[in-house]
$ cat start-v1.cif   # mmCIF, C-alpha atoms
data_final
#
loop_
_atom_site.label_atom_id
_atom_site.label_comp_id
_atom_site.auth_asym_id
_atom_site.auth_seq_id
_atom_site.Cartn_x
_atom_site.Cartn_y
_atom_site.Cartn_z
CA MET U 1352 0.00 0.00 0.00
CA ILE U 1353 2.98 2.29 0.74
CA THR U 1354 4.77 2.74 -2.58
CA GLU U 1355 8.37 3.61 -3.46
CA LYS U 1356 7.07 7.02 -4.55
CA PHE U 1357 5.62 7.58 -1.07
CA LEU U 1358 8.96 6.70 0.52
CA GLU U 1359 10.69 9.04 -1.92
CA VAL U 1360 8.49 11.91 -0.70
CA LEU U 1361 9.68 11.27 2.85
CA GLN U 1362 13.23 12.03 1.69
CA HIS U 1363 12.14 15.61 0.98
CA GLU U 1364 11.07 17.93 3.77
CA GLY U 1365 7.50 19.11 3.83
CA VAL U 1366 4.42 19.69 5.93
CA VAL U 1367 2.22 16.69 6.75
CA ALA U 1368 -1.39 17.47 7.66
CA ILE U 1369 -3.57 15.18 9.77
CA ALA U 1370 -7.33 15.76 9.99
CA THR U 1371 -9.52 14.23 12.69
CA GLN U 1372 -13.22 14.42 13.42
CA GLY U 1373 -14.15 15.75 16.85
CA GLU U 1374 -17.60 15.70 18.40
CA LYS U 1375 -18.11 19.29 17.27
CA ASP U 1376 -15.45 20.12 14.75
CA ILE U 1377 -12.73 18.99 12.43
CA HIS U 1378 -9.23 19.44 13.79
CA MET U 1379 -5.94 19.58 11.89
CA SER U 1380 -2.48 18.94 13.23
CA ASN U 1381 0.85 18.85 11.45
CA THR U 1382 4.22 17.23 11.40
CA TRP U 1383 7.18 17.06 8.99
CA ASN U 1384 7.77 14.50 6.23
CA SER U 1385 11.15 13.72 7.81
CA TYR U 1386 9.55 12.70 11.13
CA MET U 1387 7.55 9.90 9.54
CA ARG U 1388 8.56 6.25 9.83
CA VAL U 1389 7.07 3.42 7.80
CA THR U 1390 7.35 0.01 9.43
CA PRO U 1391 8.09 -3.18 7.46
CA ASP U 1392 4.41 -4.17 7.88
CA GLY U 1393 3.21 -0.86 6.42
CA ARG U 1394 2.20 1.13 9.47
CA ILE U 1395 3.02 4.84 9.71
CA LEU U 1396 4.59 6.10 12.94
CA LEU U 1397 4.99 9.72 14.01
CA PRO U 1398 6.46 11.22 17.19
CA VAL U 1399 3.88 13.20 19.16
CA GLY U 1400 4.79 16.37 21.05
CA GLY U 1401 1.44 18.10 21.54
CA MET U 1402 -1.52 16.87 19.50
CA LYS U 1403 -3.87 16.91 22.51
CA THR U 1404 -6.94 17.68 20.41
CA THR U 1405 -5.97 15.03 17.86
CA GLU U 1406 -5.67 12.53 20.72
CA ALA U 1407 -9.07 13.49 22.14
CA ASN U 1408 -10.67 13.24 18.69
CA ILE U 1409 -9.16 9.81 18.06
CA ASN U 1410 -10.70 8.58 21.28
CA PHE U 1411 -14.02 9.72 19.81
CA ASN U 1412 -13.41 8.59 16.19
CA ASN U 1413 -10.18 6.81 15.26
CA LYS U 1414 -10.41 7.44 11.50
CA VAL U 1415 -7.86 9.94 10.23
CA LEU U 1416 -6.98 11.55 6.94
CA MET U 1417 -3.42 12.55 6.21
CA THR U 1418 -1.89 14.43 3.29
CA LEU U 1419 1.75 14.93 2.38
CA GLY U 1420 3.78 15.59 -0.70
CA SER U 1421 6.77 17.21 -2.29
CA ARG U 1422 7.17 19.55 -5.21
CA GLU U 1423 10.55 17.96 -5.87
CA VAL U 1424 9.30 14.44 -6.56
CA GLN U 1425 7.92 13.51 -10.00
CA GLY U 1426 4.12 13.24 -10.09
CA PHE U 1427 1.83 11.78 -12.77
CA ARG U 1428 2.51 14.56 -15.26
CA SER U 1429 5.13 16.90 -13.86
CA LYS U 1430 7.31 17.59 -10.84
CA GLY U 1431 5.28 17.57 -7.66
CA THR U 1432 3.43 14.70 -6.11
CA GLY U 1433 1.17 14.13 -3.13
CA PHE U 1434 -0.63 11.42 -1.22
CA LEU U 1435 -3.86 11.06 0.71
CA VAL U 1436 -3.84 8.42 3.43
CA ARG U 1437 -7.03 7.14 5.03
CA GLY U 1438 -6.33 5.15 8.13
CA VAL U 1439 -7.05 4.14 11.66
CA ALA U 1440 -5.02 5.88 14.33
CA THR U 1441 -3.81 4.83 17.76
CA PHE U 1442 -1.68 6.70 20.29
CA LEU U 1443 1.12 4.49 21.65
CA PHE U 1444 2.64 5.39 25.01
CA GLU U 1445 4.88 2.35 25.42
CA GLY U 1446 6.27 -0.61 23.55
CA ASP U 1447 8.95 -1.16 20.90
CA ASP U 1448 7.64 1.42 18.42
CA PHE U 1449 7.45 4.06 21.13
CA GLU U 1450 10.97 3.27 22.37
CA MET U 1451 12.34 3.36 18.81
CA LEU U 1452 10.99 6.84 18.08
CA LYS U 1453 11.85 8.10 21.56
CA LYS U 1454 15.52 7.48 20.73
CA ASP U 1455 15.36 9.98 17.86
CA TYR U 1456 12.74 12.34 19.33
CA SER U 1457 13.42 12.66 23.05
CA TRP U 1458 10.55 15.18 23.34
CA ALA U 1459 7.98 12.62 22.14
CA ARG U 1460 5.25 12.00 24.71
CA ALA U 1461 3.68 9.34 22.47
CA VAL U 1462 3.73 7.83 19.02
CA LEU U 1463 0.87 8.29 16.60
CA GLU U 1464 0.42 5.01 14.73
CA ILE U 1465 -1.66 5.06 11.55
CA ARG U 1466 -2.75 1.80 9.94
CA PRO U 1467 -3.53 2.79 6.34
CA GLU U 1468 -6.80 1.63 4.82
CA SER U 1469 -5.95 3.36 1.55
CA VAL U 1470 -3.00 5.35 0.24
CA THR U 1471 -3.85 7.38 -2.87
CA GLN U 1472 -1.37 9.26 -5.02
CA THR U 1473 -3.34 12.41 -5.82
CA LEU U 1474 -0.98 14.16 -8.23
CA MET V 564 -4.57 38.75 10.47
CA ILE V 565 -2.14 37.63 7.74
CA THR V 566 1.34 38.35 9.13
CA GLU V 567 4.67 39.00 7.44
CA LYS V 568 5.71 35.52 8.61
CA PHE V 569 2.76 34.00 6.77
CA LEU V 570 3.74 35.84 3.58
CA GLU V 571 7.32 34.64 4.07
CA VAL V 572 6.09 31.03 4.10
CA LEU V 573 4.47 31.59 0.71
CA GLN V 574 7.92 32.36 -0.71
CA HIS V 575 8.94 28.75 0.03
CA GLU V 576 7.32 25.84 -1.77
CA GLY V 577 5.24 23.43 0.26
CA VAL V 578 2.02 21.48 0.49
CA VAL V 579 -1.11 23.31 1.63
CA ALA V 580 -3.88 21.13 3.08
CA ILE V 581 -7.54 22.15 3.13
CA ALA V 582 -10.06 20.21 5.23
CA THR V 583 -13.81 20.44 4.73
CA GLN V 584 -16.76 18.81 6.42
CA GLY V 585 -19.04 16.78 4.20
CA GLU V 586 -22.39 15.34 5.15
CA LYS V 587 -20.74 12.00 5.84
CA ASP V 588 -17.02 12.56 6.04
CA ILE V 589 -14.12 14.91 6.28
CA HIS V 590 -12.37 15.62 3.01
CA MET V 591 -8.88 16.96 2.38
CA SER V 592 -7.57 18.63 -0.72
CA ASN V 593 -4.19 20.18 -1.41
CA THR V 594 -2.44 22.93 -3.26
CA TRP V 595 1.04 24.50 -3.23
CA ASN V 596 2.22 27.44 -1.14
CA SER V 597 3.29 29.19 -4.34
CA TYR V 598 -0.26 29.09 -5.76
CA MET V 599 -1.68 31.14 -2.90
CA ARG V 600 -2.52 34.83 -3.29
CA VAL V 601 -3.32 37.16 -0.40
CA THR V 602 -5.40 40.17 -1.37
CA PRO V 603 -4.82 43.65 0.12
CA ASP V 604 -7.99 43.16 2.23
CA GLY V 605 -6.69 39.86 3.66
CA ARG V 606 -8.55 37.25 1.68
CA ILE V 607 -6.78 34.11 0.46
CA LEU V 608 -7.24 33.09 -3.17
CA LEU V 609 -6.30 29.75 -4.74
CA PRO V 610 -6.72 28.48 -8.30
CA VAL V 611 -8.99 25.44 -8.49
CA GLY V 612 -8.37 22.62 -10.93
CA GLY V 613 -10.34 19.72 -9.47
CA MET V 614 -11.57 20.03 -5.87
CA LYS V 615 -15.05 18.72 -6.73
CA THR V 616 -15.58 17.18 -3.29
CA THR V 617 -14.30 20.32 -1.58
CA GLU V 618 -16.79 22.34 -3.62
CA ALA V 619 -19.67 20.02 -2.73
CA ASN V 620 -18.71 20.13 0.95
CA ILE V 621 -18.54 23.92 0.97
CA ASN V 622 -22.07 24.05 -0.40
CA PHE V 623 -23.01 21.97 2.66
CA ASN V 624 -20.75 23.73 5.23
CA ASN V 625 -18.62 26.67 4.17
CA LYS V 626 -16.19 26.53 7.11
CA VAL V 627 -12.73 25.33 6.17
CA LEU V 628 -9.47 24.62 7.93
CA MET V 629 -6.19 25.11 6.13
CA THR V 630 -2.62 24.35 7.15
CA LEU V 631 0.64 25.36 5.53
CA GLY V 632 4.21 25.92 6.54
CA SER V 633 7.87 25.74 5.68
CA ARG V 634 10.82 24.12 7.36
CA GLU V 635 12.99 26.93 5.98
CA VAL V 636 11.25 29.81 7.78
CA GLN V 637 12.08 30.62 11.40
CA GLY V 638 9.43 29.48 13.88
CA PHE V 639 8.99 30.33 17.56
CA ARG V 640 12.04 28.36 18.67
CA SER V 641 13.84 26.99 15.64
CA LYS V 642 13.70 26.76 11.87
CA GLY V 643 10.32 25.59 10.70
CA THR V 644 7.02 27.35 11.05
CA GLY V 645 3.40 26.63 10.25
CA PHE V 646 -0.03 28.20 10.27
CA LEU V 647 -3.60 27.07 10.85
CA VAL V 648 -6.26 29.14 9.09
CA ARG V 649 -9.93 28.92 10.02
CA GLY V 650 -12.12 30.60 7.48
CA VAL V 651 -15.19 30.77 5.35
CA ALA V 652 -14.82 29.57 1.78
CA THR V 653 -16.51 30.51 -1.47
CA PHE V 654 -15.93 29.24 -4.99
CA LEU V 655 -15.66 32.10 -7.48
CA PHE V 656 -16.38 31.38 -11.15
CA GLU V 657 -16.21 34.94 -12.45
CA GLY V 658 -15.17 38.43 -11.48
CA ASP V 659 -11.88 40.29 -11.03
CA ASP V 660 -10.29 37.77 -8.65
CA PHE V 661 -11.13 34.90 -10.99
CA GLU V 662 -9.77 36.76 -14.02
CA MET V 663 -6.57 37.67 -12.14
CA LEU V 664 -5.76 34.06 -11.22
CA LYS V 665 -6.88 32.74 -14.60
CA LYS V 666 -4.06 34.78 -16.16
CA ASP V 667 -1.45 32.83 -14.18
CA TYR V 668 -3.31 29.48 -14.02
CA SER V 669 -5.04 28.94 -17.34
CA TRP V 670 -6.27 25.52 -16.12
CA ALA V 671 -8.25 27.09 -13.25
CA ARG V 672 -11.95 26.31 -13.47
CA ALA V 673 -12.61 28.46 -10.38
CA VAL V 674 -10.98 30.35 -7.54
CA LEU V 675 -11.28 29.21 -3.95
CA GLU V 676 -11.63 32.31 -1.80
CA ILE V 677 -11.08 31.93 1.94
CA ARG V 678 -12.02 34.74 4.30
CA PRO V 679 -9.94 34.03 7.41
CA GLU V 680 -11.67 34.11 10.80
CA SER V 681 -8.40 33.27 12.55
CA VAL V 682 -4.83 32.70 11.45
CA THR V 683 -2.72 30.96 14.09
CA GLN V 684 1.02 30.43 13.94
CA THR V 685 1.33 26.92 15.36
CA LEU V 686 5.11 26.50 15.49
#

$ encode --input "start-v1.cif" --output "structure tokens"
Amino acid sequence: MITEKFLEVLQHEGVVAIATQGEKDIHMSNTWNSYMRVTPDGRILLPVGGMKTTEANINFNNKVLMTLGSREVQGFRSKGTGFLVRGVATFLFEGDDFEMLKKDYSWARAVLEIRPESVTQTL
Amino acid sequence: MITEKFLEVLQHEGVVAIATQGEKDIHMSNTWNSYMRVTPDGRILLPVGGMKTTEANINFNNKVLMTLGSREVQGFRSKGTGFLVRGVATFLFEGDDFEMLKKDYSWARAVLEIRPESVTQTL
């Protein structure tokens, strides 16, 4: 589901956006392309500093949307590509994945794990 | 509401994410920092190629969230800044703003106008 093109995007810095559905409102949080890890079994892991509203929303509805891209990576027709990920999110506060990211991001209070249901190249 | 820092971000390429609330689901669409225009009266204008679901959602609920940023612009504590815009969106299919963007983006079928209600520097 995670393609070579997706992994290529992660080699270029950029803003990742994560949208969650709260009881009242949509919320958006952000991270950087370079902070993202893809596990061998295709899960996406991100270090979490703040993201309190995202966490609260996920406890209400664990479906998330995420977009990311890079103008420097070839898309379908020209330079610039992007992806839309639909997935199910979990906050991890312990375990191997948490310990792994904590080594690189000492400020991480948690890890946001996204299990993709679909990964669409949009451009 | 739109700060110098926000305008500085637009000088660096990056992925803009726009989240809208549909009847059933959240939707996200994207554009590039460099495509964004800020008018003298503080409205945000973007050329629209596709964005059919965004358009349908806005006819249902015209509130949008938008995030953008750049790792290359100084934030509160280090390099890297980002913004969250809450605003009210309208699709423009004619008029001066449409004609202005159409000159630069001949593929534009419309202009997405966002009137910001808040613009928050998040990092």

$ resolve_selection --input "start-v1.cif" --expression "the PyMOL selection byres ((chain V) within 10 of (chain U))" --output "PyMOL selection string"
chain V and resi 576-584+588-595+626-635+643-648+685-686

$ write_last_selection --input "start-v1.cif" --atoms "C-alpha atoms" --output "CSV table (one decimal), keeping the file's coordinate frame"
chain,number,residue,atom,x,y,z
V,576,GLU,CA,7.3,25.8,-1.8
V,577,GLY,CA,5.2,23.4,0.3
V,578,VAL,CA,2.0,21.5,0.5
V,579,VAL,CA,-1.1,23.3,1.6
V,580,ALA,CA,-3.9,21.1,3.1
V,581,ILE,CA,-7.5,22.2,3.1
V,582,ALA,CA,-10.1,20.2,5.2
V,583,THR,CA,-13.8,20.4,4.7
V,584,GLN,CA,-16.8,18.8,6.4
V,588,ASP,CA,-17.0,12.6,6.0
V,589,ILE,CA,-14.1,14.9,6.3
V,590,HIS,CA,-12.4,15.6,3.0
V,591,MET,CA,-8.9,17.0,2.4
V,592,SER,CA,-7.6,18.6,-0.7
V,593,ASN,CA,-4.2,20.2,-1.4
V,594,THR,CA,-2.4,22.9,-3.3
V,595,TRP,CA,1.0,24.5,-3.2
V,626,LYS,CA,-16.2,26.5,7.1
V,627,VAL,CA,-12.7,25.3,6.2
V,628,LEU,CA,-9.5,24.6,7.9
V,629,MET,CA,-6.2,25.1,6.1
V,630,THR,CA,-2.6,24.4,7.2
V,631,LEU,CA,0.6,25.4,5.5
V,632,GLY,CA,4.2,25.9,6.5
V,633,SER,CA,7.9,25.7,5.7
V,634,ARG,CA,10.8,24.1,7.4
V,635,GLU,CA,13.0,26.9,6.0
V,643,GLY,CA,10.3,25.6,10.7
V,644,THR,CA,7.0,27.4,11.0
V,645,GLY,CA,3.4,26.6,10.2
V,646,PHE,CA,0.0,28.2,10.3
V,647,LEU,CA,-3.6,27.1,10.8
V,648,VAL,CA,-6.3,29.1,9.1
V,685,THR,CA,1.3,26.9,15.4
V,686,LEU,CA,5.1,26.5,15.5

$ residues_around --input "start-v1.cif" --residues "Gly1400 (chain U)" --least-positions-apart "3" --cutoff "9 Å" --atoms "all atoms listed in the file" --output "ChimeraX atom specification"
/U:1403,1458-1462

$ resolve_selection --input "start-v1.cif" --expression "the PyMOL selection byres ((chain U and resi 1359) around 10)" --output "ChimeraX atom specification"
/U:1354-1358,1360-1363,1420-1421,1423-1425

$ atom_distance --input "start-v1.cif" --atom1 "CA of Met599 (chain V)" --atom2 "CA of Leu664 (chain V)"
9.7 Å

$ closest_residue --input "start-v1.cif" --among "U:Glu1374, U:Glu1464, U:Asp1392, U:Asp1448" --to "Asn1412 (chain U)" --atoms "only C-alpha atoms"
U:Glu1374

$ atom_distance --input "start-v1.cif" --atom1 "CA of Val1439 (chain U)" --atom2 "CA of Arg1466 (chain U)"
5.2 Å

$ atom_distance --input "start-v1.cif" --atom1 "CA of Pro1391 (chain U)" --atom2 "CA of Pro1467 (chain U)"
13.1 Å

$ closest_residue --input "start-v1.cif" --among "U:Leu1397, U:Ala1407, U:Ala1440, U:Val1470" --to "Tyr1456 (chain U)" --atoms "only C-alpha atoms"
U:Leu1397

$ residues_around --input "start-v1.cif" --residues "Leu1463 (chain U)" --least-positions-apart "2" --cutoff "7 Å" --atoms "all atoms listed in the file" --output "CSV table (one decimal) with C-alpha atoms, in the frame of the given file"
chain,number,residue,atom,x,y,z
U,1396,LEU,CA,4.6,6.1,12.9
U,1397,LEU,CA,5.0,9.7,14.0
U,1398,PRO,CA,6.5,11.2,17.2
U,1399,VAL,CA,3.9,13.2,19.2
U,1440,ALA,CA,-5.0,5.9,14.3
U,1441,THR,CA,-3.8,4.8,17.8
U,1442,PHE,CA,-1.7,6.7,20.3
U,1443,LEU,CA,1.1,4.5,21.6
U,1461,ALA,CA,3.7,9.3,22.5
U,1465,ILE,CA,-1.7,5.1,11.6

$ closest_residue --input "start-v1.cif" --among "U:Glu1406, U:Thr1390, U:Asp1455, U:Met1352" --to "Gln1472 (chain U)" --atoms "all atoms listed in the file"
U:Met1352
